[in-house]
>>> print(open('model21.cif').read())   # mmCIF, C-alpha atoms
data_work
#
loop_
_atom_site.label_atom_id
_atom_site.label_comp_id
_atom_site.auth_asym_id
_atom_site.auth_seq_id
_atom_site.Cartn_x
_atom_site.Cartn_y
_atom_site.Cartn_z
CA MET E 1 17.68 -123.54 -216.94
CA THR E 2 14.25 -125.03 -217.57
CA LYS E 3 13.13 -126.56 -220.84
CA LYS E 4 10.99 -123.54 -221.60
CA GLN E 5 13.86 -121.10 -221.06
CA THR E 6 16.12 -123.27 -223.25
CA ALA E 7 13.56 -123.27 -226.03
CA VAL E 8 13.18 -119.48 -225.86
CA PHE E 9 16.95 -119.00 -225.89
CA LEU E 10 17.41 -121.27 -228.94
CA SER E 11 14.54 -119.53 -230.77
CA VAL E 12 16.09 -116.11 -230.18
CA VAL E 13 19.53 -117.27 -231.36
CA LEU E 14 18.05 -118.85 -234.49
CA ALA E 15 16.02 -115.70 -235.24
CA ILE E 16 19.13 -113.49 -234.92
CA CYS E 17 21.13 -115.82 -237.16
CA ALA E 18 18.34 -115.84 -239.79
CA ALA E 19 18.08 -112.04 -239.69
CA LEU E 20 21.85 -111.70 -240.12
CA ILE E 21 21.85 -114.09 -243.09
CA VAL E 22 18.98 -112.17 -244.73
CA GLY E 23 20.84 -108.91 -244.09
CA ILE E 24 24.04 -110.28 -245.62
CA VAL E 25 22.16 -111.39 -248.75
CA LEU E 26 20.18 -108.17 -249.12
CA THR E 27 23.13 -105.82 -248.59
CA ASN E 28 24.76 -107.27 -251.66
CA GLY E 29 24.62 -104.37 -254.17
CA LEU E 30 22.55 -102.14 -251.84
CA TYR E 31 24.00 -98.87 -253.01
CA GLU E 32 23.47 -99.39 -256.71
CA LYS E 33 21.01 -96.77 -258.03
CA ASN E 34 17.98 -97.69 -260.01
CA ALA E 35 17.98 -95.92 -263.32
CA ASP E 36 14.22 -95.18 -263.29
CA ILE E 37 14.06 -93.48 -259.89
CA GLN E 38 14.27 -89.91 -261.20
CA GLU E 39 11.56 -90.50 -263.73
CA SER E 40 9.24 -92.18 -261.25
CA MET E 41 9.69 -89.39 -258.70
CA GLN E 42 9.10 -86.74 -261.35
CA ASP E 43 5.89 -88.51 -262.33
CA ALA E 44 4.88 -88.66 -258.68
CA VAL E 45 5.21 -84.87 -258.42
CA LEU E 46 4.09 -83.63 -261.82
CA HIS E 47 1.91 -86.48 -263.14
CA GLU E 48 2.89 -85.58 -266.68
CA GLY E 49 3.15 -89.16 -267.88
CA ASP E 50 0.32 -90.82 -265.98
CA LYS E 51 -2.80 -88.89 -266.92
CA ILE E 52 -6.08 -90.76 -266.68
CA TRP E 53 -9.23 -90.31 -268.70
CA LEU E 54 -12.25 -89.00 -266.75
CA PHE E 55 -15.40 -88.03 -268.66
CA GLY E 56 -13.36 -87.07 -271.69
CA LEU E 57 -10.77 -85.12 -269.72
CA GLN E 58 -7.23 -86.16 -269.00
CA VAL E 59 -6.75 -85.72 -265.25
CA ASN E 60 -4.16 -86.53 -262.62
CA PRO E 61 -4.52 -89.81 -260.71
CA GLY E 62 -5.06 -87.78 -257.53
CA LEU E 63 -8.39 -86.52 -258.85
CA ILE E 64 -9.58 -90.08 -259.46
CA SER E 65 -8.50 -90.89 -255.90
CA ALA E 66 -10.43 -87.85 -254.66
CA TYR E 67 -13.66 -88.98 -256.31
CA ILE E 68 -13.23 -92.54 -255.09
CA VAL E 69 -12.55 -91.34 -251.53
CA THR E 70 -15.56 -89.02 -251.65
CA GLY E 71 -17.75 -91.85 -252.97
CA VAL E 72 -16.61 -94.22 -250.26
CA ILE E 73 -17.09 -91.64 -247.49
CA LEU E 74 -20.54 -90.68 -248.74
CA LEU E 75 -21.60 -94.32 -249.03
CA PHE E 76 -20.41 -94.92 -245.49
CA ALA E 77 -22.23 -91.80 -244.28
CA LEU E 78 -25.41 -92.87 -246.07
CA ALA E 79 -25.26 -96.33 -244.53
CA VAL E 80 -24.69 -94.83 -241.11
CA ARG E 81 -27.55 -92.37 -241.63
CA ILE E 82 -29.97 -95.12 -242.66
CA PHE E 83 -28.96 -98.01 -240.43
CA VAL E 84 -27.13 -96.63 -237.40
CA ILE E 85 -28.31 -93.13 -236.50
CA PRO E 86 -32.01 -94.07 -236.11
CA LYS E 87 -30.90 -96.68 -233.56
CA PHE E 88 -28.79 -94.31 -231.50
CA LYS E 89 -29.12 -94.90 -227.76
CA THR E 90 -28.76 -92.50 -224.87
CA ILE E 91 -25.94 -94.64 -223.52
CA PRO E 92 -23.83 -95.14 -226.66
CA GLY E 93 -22.24 -98.35 -227.89
CA LYS E 94 -18.70 -98.51 -229.28
CA PHE E 95 -19.50 -97.45 -232.86
CA GLN E 96 -21.89 -94.72 -231.75
CA LEU E 97 -19.28 -93.51 -229.30
CA ALA E 98 -16.68 -93.33 -232.08
CA LEU E 99 -19.03 -91.31 -234.28
CA GLU E 100 -20.00 -89.00 -231.43
CA SER E 101 -16.37 -88.54 -230.46
CA ALA E 102 -15.42 -87.55 -234.03
CA VAL E 103 -18.30 -85.12 -234.42
CA GLY E 104 -17.92 -83.82 -230.87
CA MET E 105 -14.19 -83.24 -231.29
CA PHE E 106 -14.61 -80.97 -234.33
CA ASP E 107 -17.70 -79.32 -232.91
CA ASN E 108 -15.77 -78.57 -229.75
CA MET E 109 -12.76 -77.37 -231.75
CA ALA E 110 -15.00 -74.96 -233.66
CA ARG E 111 -16.67 -73.69 -230.49
CA THR E 112 -13.48 -73.13 -228.52
CA ASN E 113 -11.50 -71.52 -231.33
CA SER E 114 -14.36 -69.55 -232.77
CA PRO E 115 -16.98 -68.67 -230.18
CA HIS E 116 -19.03 -66.77 -232.79
CA ARG E 117 -20.73 -68.24 -235.86
CA ASN E 118 -19.26 -71.72 -235.39
CA ASN E 119 -22.13 -73.87 -236.65
CA PHE E 120 -20.94 -73.95 -240.25
CA LEU E 121 -17.28 -74.01 -239.27
CA GLY E 122 -17.67 -77.24 -237.28
CA ALA E 123 -19.19 -79.02 -240.25
CA TYR E 124 -16.50 -77.68 -242.59
CA ILE E 125 -13.51 -78.72 -240.50
CA PHE E 126 -15.16 -82.09 -239.87
CA ALA E 127 -15.51 -82.71 -243.60
CA ALA E 128 -12.02 -81.36 -244.39
CA ALA E 129 -10.36 -83.46 -241.70
CA ALA E 130 -12.25 -86.59 -242.76
CA TYR E 131 -11.24 -85.96 -246.37
CA ILE E 132 -7.57 -85.39 -245.57
CA PHE E 133 -7.33 -88.32 -243.15
CA LEU E 134 -9.15 -90.91 -245.21
CA GLY E 135 -7.69 -89.58 -248.48
CA THR E 136 -4.19 -89.99 -247.12
CA LEU E 137 -4.91 -93.49 -245.88
CA PHE E 138 -6.32 -94.28 -249.31
CA GLU E 139 -2.83 -94.61 -250.79
CA LEU E 140 -2.23 -97.59 -248.48
CA ALA E 141 -5.02 -99.43 -250.28
CA GLY E 142 -2.92 -99.49 -253.46
CA VAL E 143 -5.81 -99.23 -255.90
CA PRO E 144 -4.50 -99.75 -259.46
CA CYS E 145 -5.68 -97.71 -262.44
CA VAL E 146 -4.89 -97.64 -266.16
CA THR E 147 -3.43 -94.38 -267.50
CA ALA E 148 -4.20 -92.75 -270.81
CA ALA E 149 -0.94 -94.18 -272.07
CA GLY E 150 -2.15 -97.66 -271.18
CA GLU E 151 0.18 -98.12 -268.23
CA CYS E 152 -0.84 -99.21 -264.75
CA VAL E 153 -0.44 -96.79 -261.84
CA ILE E 154 -1.28 -97.07 -258.17
CA LEU E 155 -3.65 -94.28 -257.21
CA PRO E 156 -1.97 -91.82 -254.80
CA ALA E 157 -3.48 -89.74 -251.99
CA PRO E 158 -5.81 -87.06 -253.42
CA LEU E 159 -3.90 -84.26 -251.75
CA SER E 160 -0.54 -85.37 -253.09
CA ASP E 161 -1.89 -83.82 -256.29
CA ILE E 162 -1.06 -80.13 -256.08
CA ASN E 163 -4.41 -79.22 -257.63
CA GLY E 164 -6.26 -80.96 -254.79
CA ALA E 165 -4.11 -79.26 -252.16
CA ILE E 166 -4.62 -75.85 -253.79
CA ALA E 167 -8.37 -76.45 -253.96
CA LEU E 168 -8.61 -77.30 -250.27
CA GLY E 169 -6.26 -74.50 -249.17
CA PHE E 170 -8.07 -71.83 -251.16
CA LEU E 171 -11.48 -73.16 -250.15
CA SER E 172 -10.49 -72.91 -246.49
CA TYR E 173 -9.39 -69.33 -247.10
CA PHE E 174 -12.66 -68.47 -248.83
CA ILE E 175 -14.61 -70.00 -245.94
CA ILE E 176 -12.64 -67.78 -243.56
CA LEU E 177 -13.20 -64.77 -245.82
CA ALA E 178 -16.93 -65.43 -246.06
CA GLY E 179 -17.17 -65.88 -242.29
CA GLY E 180 -15.35 -62.60 -241.72
CA ILE E 181 -17.61 -60.69 -244.12
CA ALA E 182 -20.76 -62.24 -242.65
CA ALA E 183 -19.71 -61.40 -239.11
CA ASN E 184 -17.98 -58.04 -239.43
CA ARG E 185 -18.64 -56.77 -243.01
CA ALA E 186 -15.77 -54.62 -244.24
CA ARG E 187 -13.76 -55.05 -241.07
CA GLY E 188 -14.01 -58.84 -241.39
CA LEU E 189 -12.97 -58.60 -245.04
CA GLY E 190 -9.97 -56.53 -244.02
CA ARG E 191 -9.02 -58.99 -241.30
CA ALA E 192 -9.24 -61.93 -243.70
CA LEU E 193 -7.34 -60.16 -246.48
CA LYS E 194 -4.63 -59.31 -243.99
CA GLU E 195 -3.94 -63.05 -243.79
CA PHE E 196 -3.35 -63.32 -247.53
CA SER E 197 -0.61 -65.91 -247.10
CA ILE E 198 -3.02 -68.48 -245.63
CA PRO E 199 -4.22 -70.10 -248.87
CA ILE E 200 -0.69 -70.51 -250.17
CA SER E 201 0.69 -71.78 -246.88
CA MET E 202 -2.23 -74.16 -246.37
CA SER E 203 -2.06 -75.50 -249.91
CA PHE E 204 1.67 -76.06 -250.00
CA ARG E 205 1.81 -77.42 -246.47
CA LEU E 206 -0.70 -80.09 -247.43
CA PHE E 207 0.94 -80.76 -250.77
CA GLY E 208 4.46 -80.84 -249.35
CA ALA E 209 3.60 -83.03 -246.39
CA LEU E 210 1.70 -85.61 -248.39
CA LEU E 211 4.08 -85.51 -251.33
CA SER E 212 7.03 -86.07 -249.04
CA GLY E 213 5.44 -89.29 -247.88
CA LEU E 214 4.82 -90.34 -251.44
CA LEU E 215 8.38 -89.53 -252.50
CA VAL E 216 9.90 -91.38 -249.59
CA SER E 217 7.70 -94.36 -250.35
CA GLU E 218 8.73 -94.23 -254.04
CA LEU E 219 12.33 -93.99 -253.01
CA VAL E 220 12.08 -96.96 -250.68
CA TYR E 221 10.21 -99.12 -253.18
CA SER E 222 12.76 -98.29 -255.88
CA TYR E 223 15.32 -100.45 -254.15
CA LEU E 224 14.56 -104.12 -253.77
CA SER E 225 16.73 -104.36 -250.69
CA LEU E 226 14.70 -101.67 -248.89
CA SER E 227 11.39 -103.30 -249.69
CA PHE E 228 11.45 -105.60 -246.67
CA VAL E 229 10.18 -104.46 -243.24
CA LEU E 230 11.13 -100.81 -243.92
CA PRO E 231 7.95 -99.98 -245.89
CA VAL E 232 5.92 -100.85 -242.80
CA ILE E 233 7.77 -98.21 -240.79
CA VAL E 234 7.78 -95.71 -243.65
CA GLY E 235 4.14 -96.36 -244.36
CA VAL E 236 3.19 -95.70 -240.76
CA LEU E 237 5.40 -92.63 -240.44
CA PHE E 238 4.54 -90.94 -243.70
CA THR E 239 0.98 -92.06 -244.17
CA VAL E 240 -0.85 -92.61 -240.91
CA LEU E 241 0.96 -89.91 -238.97
CA HIS E 242 0.76 -87.47 -241.87
CA ALA E 243 -2.91 -88.24 -242.20
CA LEU E 244 -3.53 -87.45 -238.56
CA VAL E 245 -1.24 -84.45 -238.31
CA GLN E 246 -2.28 -82.75 -241.54
CA ALA E 247 -5.99 -83.27 -240.84
CA TYR E 248 -5.56 -81.77 -237.39
CA VAL E 249 -3.37 -78.89 -238.59
CA LEU E 250 -5.72 -77.76 -241.34
CA ALA E 251 -8.79 -78.05 -239.10
CA MET E 252 -7.11 -76.21 -236.25
CA LEU E 253 -5.69 -73.42 -238.44
CA THR E 254 -8.99 -72.89 -240.20
CA ALA E 255 -10.86 -72.77 -236.89
CA LEU E 256 -8.34 -70.41 -235.31
CA ILE E 257 -8.25 -67.90 -238.15
CA TYR E 258 -12.01 -68.15 -238.66
CA GLY E 259 -12.41 -67.33 -234.97
CA GLU E 260 -10.14 -64.30 -235.31
CA VAL E 261 -11.95 -62.80 -238.29
CA THR E 262 -15.45 -63.45 -236.93
CA GLU E 263 -14.73 -62.00 -233.52
CA PRO E 264 -17.04 -58.99 -232.97
CA TYR E 265 -15.28 -55.63 -232.96
CA VAL E 266 -15.24 -53.88 -229.59
CA LYS E 267 -14.36 -50.21 -229.37
CA LYS E 268 -11.47 -49.63 -227.01
CA ARG E 269 -12.91 -46.61 -225.21
CA LYS E 270 -11.13 -47.28 -221.94
CA ASN E 271 -7.72 -47.11 -223.55
CA ARG E 272 -8.58 -43.79 -225.16
CA VAL E 273 -9.70 -42.40 -221.82
CA ALA E 274 -6.58 -43.75 -220.17
CA LYS E 275 -4.39 -42.23 -222.87
CA HIS E 276 -6.18 -38.91 -222.53
CA GLU E 277 -5.67 -39.00 -218.76
CA THR E 278 -1.99 -39.82 -219.08
CA THR E 279 -1.40 -37.01 -221.59
CA SER E 280 -3.22 -34.54 -219.35
CA GLU E 281 -1.10 -35.71 -216.41
CA LYS E 282 2.04 -35.15 -218.48
CA GLU E 283 0.88 -31.67 -219.36
CA VAL E 284 0.34 -30.94 -215.69
CA THR E 285 3.78 -32.18 -214.74
CA VAL E 286 5.37 -30.14 -217.54
CA MET M 1 1.42 -73.85 -265.67
CA PRO M 2 4.39 -74.73 -263.44
CA LEU M 3 4.13 -77.83 -261.25
CA ASN M 4 1.32 -79.06 -263.49
CA ILE M 5 -1.19 -76.73 -261.84
CA ASP M 6 -4.44 -77.00 -263.78
CA TRP M 7 -7.37 -74.67 -263.00
CA GLN M 8 -9.85 -77.15 -264.47
CA GLN M 9 -8.62 -79.87 -262.15
CA ILE M 10 -8.67 -77.46 -259.21
CA LEU M 11 -12.32 -76.78 -259.97
CA LEU M 12 -12.96 -80.51 -260.26
CA HIS M 13 -11.34 -81.00 -256.85
CA LEU M 14 -13.47 -78.17 -255.45
CA LEU M 15 -16.62 -79.72 -256.87
CA ASN M 16 -15.66 -83.02 -255.33
CA PHE M 17 -15.04 -81.48 -251.92
CA VAL M 18 -18.23 -79.40 -251.98
CA ILE M 19 -20.22 -82.57 -252.70
CA LEU M 20 -18.40 -84.35 -249.89
CA PHE M 21 -18.96 -81.47 -247.48
CA ALA M 22 -22.67 -81.21 -248.25
CA GLY M 23 -23.14 -84.97 -248.02
CA LEU M 24 -21.25 -85.32 -244.77
CA TRP M 25 -23.04 -82.35 -243.22
CA LEU M 26 -26.48 -83.65 -244.10
CA LEU M 27 -25.91 -87.35 -243.60
CA LEU M 28 -23.56 -87.52 -240.64
CA TYR M 29 -22.56 -84.32 -238.91
CA LYS M 30 -25.96 -82.70 -238.52
CA PRO M 31 -27.95 -85.77 -237.31
CA VAL M 32 -25.23 -86.86 -234.87
CA ARG M 33 -24.86 -83.32 -233.53
CA LYS M 34 -28.62 -82.98 -233.25
CA PHE M 35 -28.81 -86.23 -231.28
CA MET M 36 -25.95 -85.15 -229.02
CA ASN M 37 -27.51 -81.74 -228.41
CA ALA M 38 -30.89 -83.30 -227.65
CA ARG M 39 -29.27 -85.69 -225.19
CA ARG M 40 -27.30 -82.89 -223.58
CA GLU M 41 -30.45 -80.80 -223.24
CA THR M 42 -32.25 -83.79 -221.71
CA TYR M 43 -29.50 -84.24 -219.15
CA GLU M 44 -29.29 -80.52 -218.48
CA LYS M 45 -33.05 -80.40 -217.97
CA ALA M 46 -32.91 -83.43 -215.68
CA ASP M 47 -30.05 -81.80 -213.84
CA ALA M 48 -31.95 -78.54 -213.50
CA ASP M 49 -35.05 -80.43 -212.31
CA ALA M 50 -33.02 -82.35 -209.78
CA GLU M 51 -31.41 -79.13 -208.59
CA GLN M 52 -34.83 -77.48 -208.31
CA LYS M 53 -36.21 -80.45 -206.38
CA ARG M 54 -33.19 -80.47 -204.13
CA ALA M 55 -33.63 -76.77 -203.43
CA GLU M 56 -37.36 -77.34 -202.76
CA ALA M 57 -36.55 -80.24 -200.43
CA GLU M 58 -33.95 -78.11 -198.69
CA ARG M 59 -36.45 -75.30 -198.29
CA LEU M 60 -39.08 -77.70 -196.91
CA ARG M 61 -36.56 -79.24 -194.55
CA ALA M 62 -35.60 -75.81 -193.23
CA GLU M 63 -39.26 -74.95 -192.91
CA TYR M 64 -40.02 -78.15 -191.00
CA GLU M 65 -37.02 -77.67 -188.78
CA LYS M 66 -38.19 -74.16 -188.02
CA LYS M 67 -41.68 -75.48 -187.32
CA LEU M 68 -40.25 -78.17 -185.06
CA ALA M 69 -38.20 -75.59 -183.21
CA ASP M 70 -41.29 -73.38 -182.87
CA ALA M 71 -43.31 -76.39 -181.69
CA ASP M 72 -40.68 -77.14 -179.03
CA VAL M 73 -40.84 -73.57 -177.86
CA GLN M 74 -44.62 -73.65 -177.86
CA ILE M 75 -44.65 -76.95 -175.96
CA ALA M 76 -42.27 -75.55 -173.38
CA GLU M 77 -44.36 -72.39 -173.09
CA ARG M 78 -47.57 -74.38 -172.70
CA ARG M 79 -45.98 -76.70 -170.19
CA GLU M 80 -44.78 -73.73 -168.18
CA ARG M 81 -48.18 -72.13 -168.41
CA ALA M 82 -49.88 -75.39 -167.35
CA ARG M 83 -47.44 -75.72 -164.48
CA LYS M 84 -48.18 -72.19 -163.38
CA GLU M 85 -51.93 -72.78 -163.73
CA ALA M 86 -51.62 -76.00 -161.73
CA GLU M 87 -49.67 -74.19 -159.06
CA ALA M 88 -52.20 -71.36 -158.98
CA TYR M 89 -55.04 -73.87 -158.81
CA GLU M 90 -53.30 -75.76 -156.05
CA GLU M 91 -52.74 -72.56 -154.13
CA GLU M 92 -56.35 -71.61 -154.67
CA ARG M 93 -57.49 -75.02 -153.49
CA CYS M 94 -55.25 -74.80 -150.44
CA ARG M 95 -56.48 -71.35 -149.70
CA ALA M 96 -60.09 -72.48 -150.11
CA ALA M 97 -59.48 -75.54 -147.94
CA GLN M 98 -57.81 -73.36 -145.35
CA GLN M 99 -60.70 -70.96 -145.46
CA GLN M 100 -63.15 -73.82 -145.27
CA ALA M 101 -61.24 -75.36 -142.39
CA GLU M 102 -61.13 -72.02 -140.63
CA ALA M 103 -64.83 -71.56 -141.28
CA ILE M 104 -65.59 -75.06 -140.00
CA LEU M 105 -63.39 -74.47 -136.99
CA SER M 106 -64.95 -71.10 -136.20
CA GLU M 107 -68.37 -72.59 -136.75
CA ALA M 108 -67.49 -75.48 -134.49
CA GLN M 109 -66.15 -73.09 -131.91
CA ALA M 110 -69.25 -70.95 -132.15
CA SER M 111 -71.40 -74.04 -131.97
CA ALA M 112 -69.48 -75.31 -128.96
CA GLU M 113 -69.75 -71.89 -127.33
CA ARG M 114 -73.47 -71.88 -128.00
CA GLU M 115 -73.71 -75.42 -126.65
CA ARG M 116 -71.74 -74.48 -123.57
CA GLN M 117 -73.86 -71.44 -122.98
CA ARG M 118 -76.96 -73.50 -123.48
CA ALA M 119 -75.64 -76.15 -121.10
CA VAL M 120 -74.71 -73.50 -118.53
CA LYS M 121 -78.10 -71.96 -118.95
CA GLU M 122 -79.76 -75.33 -118.54
CA ALA M 123 -77.54 -76.11 -115.56
CA ARG M 124 -78.41 -72.82 -114.02
CA GLY M 125 -82.06 -73.61 -114.61
CA GLU M 126 -81.63 -77.03 -113.05
CA ILE M 127 -79.72 -75.58 -110.12
CA ALA M 128 -82.43 -73.07 -109.63
CA ASP M 129 -84.97 -75.86 -109.81
CA LEU M 130 -82.93 -77.92 -107.35
CA VAL M 131 -82.56 -74.98 -105.07
CA ALA M 132 -86.25 -74.36 -105.28
CA SER M 133 -87.11 -77.99 -104.67
CA ALA M 134 -84.55 -78.27 -101.86
CA THR M 135 -85.83 -75.17 -100.32
CA GLU M 136 -89.31 -76.45 -100.67
CA LYS M 137 -88.33 -79.77 -99.06
CA LEU M 138 -86.50 -78.07 -96.30
CA VAL M 139 -89.25 -75.80 -95.61
CA LEU M 140 -92.01 -78.30 -95.77
CA HIS M 141 -90.63 -81.70 -94.54
CA GLU M 142 -87.26 -81.63 -92.74
CA SER M 143 -85.53 -79.88 -89.96
CA ALA M 144 -83.40 -76.88 -90.39
CA SER M 145 -80.11 -78.69 -89.89
CA GLU M 146 -80.97 -81.40 -92.31
CA ALA M 147 -82.27 -78.92 -94.66
CA TYR M 148 -79.07 -76.98 -94.39
CA ASP M 149 -77.01 -80.14 -95.01
CA GLN M 150 -79.17 -81.07 -97.91
CA PHE M 151 -78.79 -77.55 -99.29
CA LEU M 152 -75.03 -77.77 -99.09
CA ASP M 153 -75.02 -81.19 -100.76
CA ALA M 154 -77.30 -79.93 -103.42
CA VAL M 155 -75.06 -76.92 -104.12
CA GLU M 156 -71.95 -79.07 -104.23
CA HIS M 157 -73.63 -81.46 -106.52
CA ALA M 158 -74.79 -78.64 -108.71
CA ASP M 159 -71.26 -77.17 -108.87
CA ASN M 160 -69.87 -80.51 -109.90
CA ASN M 161 -72.42 -80.91 -112.67
CA GLY M 162 -71.93 -77.28 -113.89
CA GLY M 163 -68.16 -77.65 -114.01
CA LYS M 164 -68.44 -80.77 -116.13
CA ALA M 165 -70.90 -79.13 -118.35
#
>>> encode(input="model21.cif", output="structure tokens")
Amino acid sequence: MTKKQTAVFLSVVLAICAALIVGIVLTNGLYEKNADIQESMQDAVLHEGDKIWLFGLQVNPGLISAYIVTGVILLFALAVRIFVIPKFKTIPGKFQLALESAVGMFDNMARTNSPHRNNFLGAYIFAAAAYIFLGTLFELAGVPCVTAAGECVILPAPLSDINGAIALGFLSYFIILAGGIAANRARGLGRALKEFSIPISMSFRLFGALLSGLLVSELVYSYLSLSFVLPVIVGVLFTVLHALVQAYVLAMLTALIYGEVTEPYVKKRKNRVAKHETTSEKEVTV
Amino acid sequence: MPLNIDWQQILLHLLNFVILFAGLWLLLYKPVRKFMNARRETYEKADADAEQKRAEAERLRAEYEKKLADADVQIAERRERARKEAEAYEEERCRAAQQQAEAILSEAQASAERERQRAVKEARGEIADLVASATEKLVLHESASEAYDQFLDAVEHADNNGGKA
């Protein structure tokens, strides 16, 4: 065994011993419940006790998060528009490639799922996905804010507020409805109204998915013994993955249903002829 | 409202998202998409131009190959024609030379015949002259036997000269 191998072996043994000692210390009283957990989780869902003042209105923390996220995104977009886009090159650099990939992905998603009237749709799903993704990641920043009651809260993801999720879900539905009416008039309206469950399903999917992450995080942080290492895994699972998955799901669903309702109506004359022929054949055989 | 649903806050969220959507569309999505479309059109145009040039080059190549093939055929035809012309010319020259040779030969033969006839005629004249002179000598100066011998010698001599001539 060489000196290097010996050093590695000793380091591994020492690390295992240290981890075991930490585990032994932390598991002391692990299963004792924190008395405030129910209250904190209820606040996380309902926001009854942590309202924040905004222009004379008492609003949920999620709304403050939403405006902050929007401000940050718009500032970023403005900076890109002023400093980066005028210097775009035919052969893109890394940052330009990232921007083009993001725009191209949603543009392509809109074109493939909705071959008709997809110009507006691409921009909408791009904005919605950016909002969901960056808004969900926003909770990792841990921005503190003072409530109306004078307490300090960490601002959550904008869409973990049910009002934000309802707004985005219903807006997506109205976009689909408007697209259907613009493309197919009454038939498009009928097609869109047929999918009346979309706004509710979209809203509560977003709310449920993002709230679940928040609740699990609250649960984990409520116990001191779970506040080591585990939040990293939980944070990645329930924040980054949720951010990606929910952004993709809403964009994809909106594009798919928009494509269905804006599809031009084609009269099925061949089937009628075929049916007529088959019935006449039956008559002959009878 | 259950679950703390608040219509005012929903409207505030909607306002926020509409602002975000408009801003992102104008500031980011539209310019980037415009740039990408312009670049795609540039490449498509370049591609179409290249394809057009390739087709033109292909057409020209086919045309040149056809011309080359035609030129080969023409060269072969001309060569064959030249060969035939050369052969015809050669035959004509041969025929002319033959005719000329035959003409020269017949002329030479005619000339020789004329020469022979002239020589025979001259010989006959000379013989006649000799006979006349011999006869004259015989009659005037010598005896009959000598004259007869001289006559025979003269005739023999004349025959020898005429045969040579």
>>> residues_around(input="model21.cif", residues="stretch 3-7 of chain M", least_positions_apart="4", cutoff="8 Å", atoms="all atoms listed in the file", output="ChimeraX atom specification")
/E:45-48,162-163 /M:11
>>> closest_atom_pairs(input="model21.cif", of="chain E", to="chain M", cutoff="8 Å", atoms="only C-alpha atoms", output="tab-separated table")
residue	atom	partner	partner_atom	distance
E:Val45	CA	M:Leu3	CA	7.7
E:Leu46	CA	M:Asn4	CA	5.6
E:His47	CA	M:Asn4	CA	7.5
E:Glu48	CA	M:Asn4	CA	7.4
E:Val59	CA	M:Gln9	CA	6.9
E:Leu63	CA	M:His13	CA	6.6
E:Ala66	CA	M:Asn16	CA	7.2
E:Tyr67	CA	M:Asn16	CA	6.4
E:Thr70	CA	M:Leu20	CA	5.7
E:Ile73	CA	M:Leu20	CA	7.8
E:Leu74	CA	M:Gly23	CA	6.3
E:Ala77	CA	M:Leu28	CA	5.8
E:Leu78	CA	M:Leu27	CA	6.1
E:Val80	CA	M:Leu28	CA	7.4
E:Arg81	CA	M:Leu27	CA	5.6
E:Ile85	CA	M:Val32	CA	7.2
E:Thr90	CA	M:Arg39	CA	6.8
E:Leu99	CA	M:Val32	CA	7.7
E:Glu100	CA	M:Val32	CA	6.6
E:Val103	CA	M:Tyr29	CA	6.2
E:Gly104	CA	M:Arg33	CA	7.4
E:Ala123	CA	M:Trp25	CA	5.9
E:Tyr124	CA	M:Phe21	CA	6.7
E:Phe126	CA	M:Tyr29	CA	7.8
E:Ala127	CA	M:Phe21	CA	5.3
E:Ala128	CA	M:Phe21	CA	7.6
E:Ile162	CA	M:Ile5	CA	6.7
E:Asn163	CA	M:Ile10	CA	4.9
E:Gly164	CA	M:His13	CA	5.5
E:Ile166	CA	M:Ile10	CA	7.0
E:Ala167	CA	M:Ile10	CA	5.4
E:Leu168	CA	M:Leu14	CA	7.2
E:Leu171	CA	M:Leu14	CA	7.6
>>> atom_distance(input="model21.cif", atom1="atom CA of M:Glu113", atom2="atom CA of M:Asn160")
19.4 Å
>>> closest_residue(input="model21.cif", among="E:Ala178, E:Ile91, E:Ile21, E:Val229", to="E:Leu121", atoms="only C-alpha atoms")
E:Ala178
>>> resolve_selection(input="model21.cif", expression="the PyMOL selection byres ((chain E and resi 192-194) around 7)", output="mmCIF file with C-alpha atoms, in the coordinates of the input")
data_model
loop_
_atom_site.group_PDB
_atom_site.id
_atom_site.type_symbol
_atom_site.label_atom_id
_atom_site.label_comp_id
_atom_site.auth_asym_id
_atom_site.auth_seq_id
_atom_site.Cartn_x
_atom_site.Cartn_y
_atom_site.Cartn_z
ATOM 1 C CA ILE E 176 -12.640 -67.780 -243.560
ATOM 2 C CA LEU E 177 -13.200 -64.770 -245.820
ATOM 3 C CA GLY E 180 -15.350 -62.600 -241.720
ATOM 4 C CA GLY E 188 -14.010 -58.840 -241.390
ATOM 5 C CA LEU E 189 -12.970 -58.600 -245.040
ATOM 6 C CA GLY E 190 -9.970 -56.530 -244.020
ATOM 7 C CA ARG E 191 -9.020 -58.990 -241.300
ATOM 8 C CA GLU E 195 -3.940 -63.050 -243.790
ATOM 9 C CA PHE E 196 -3.350 -63.320 -247.530
ATOM 10 C CA VAL E 261 -11.950 -62.800 -238.290
#
>>> atom_distance(input="model21.cif", atom1="atom CA of E:Leu256", atom2="atom CA of E:Arg205")
16.6 Å
>>> resolve_selection(input="model21.cif", expression="the PyMOL selection byres ((chain E and resi 265) around 12)", output="list of chain:residue names")
E:His116, E:Gly180, E:Ala183, E:Asn184, E:Arg185, E:Ala186, E:Arg187, E:Gly188, E:Arg191, E:Glu260, E:Val261, E:Thr262, E:Glu263, E:Pro264, E:Val266, E:Lys267, E:Lys268
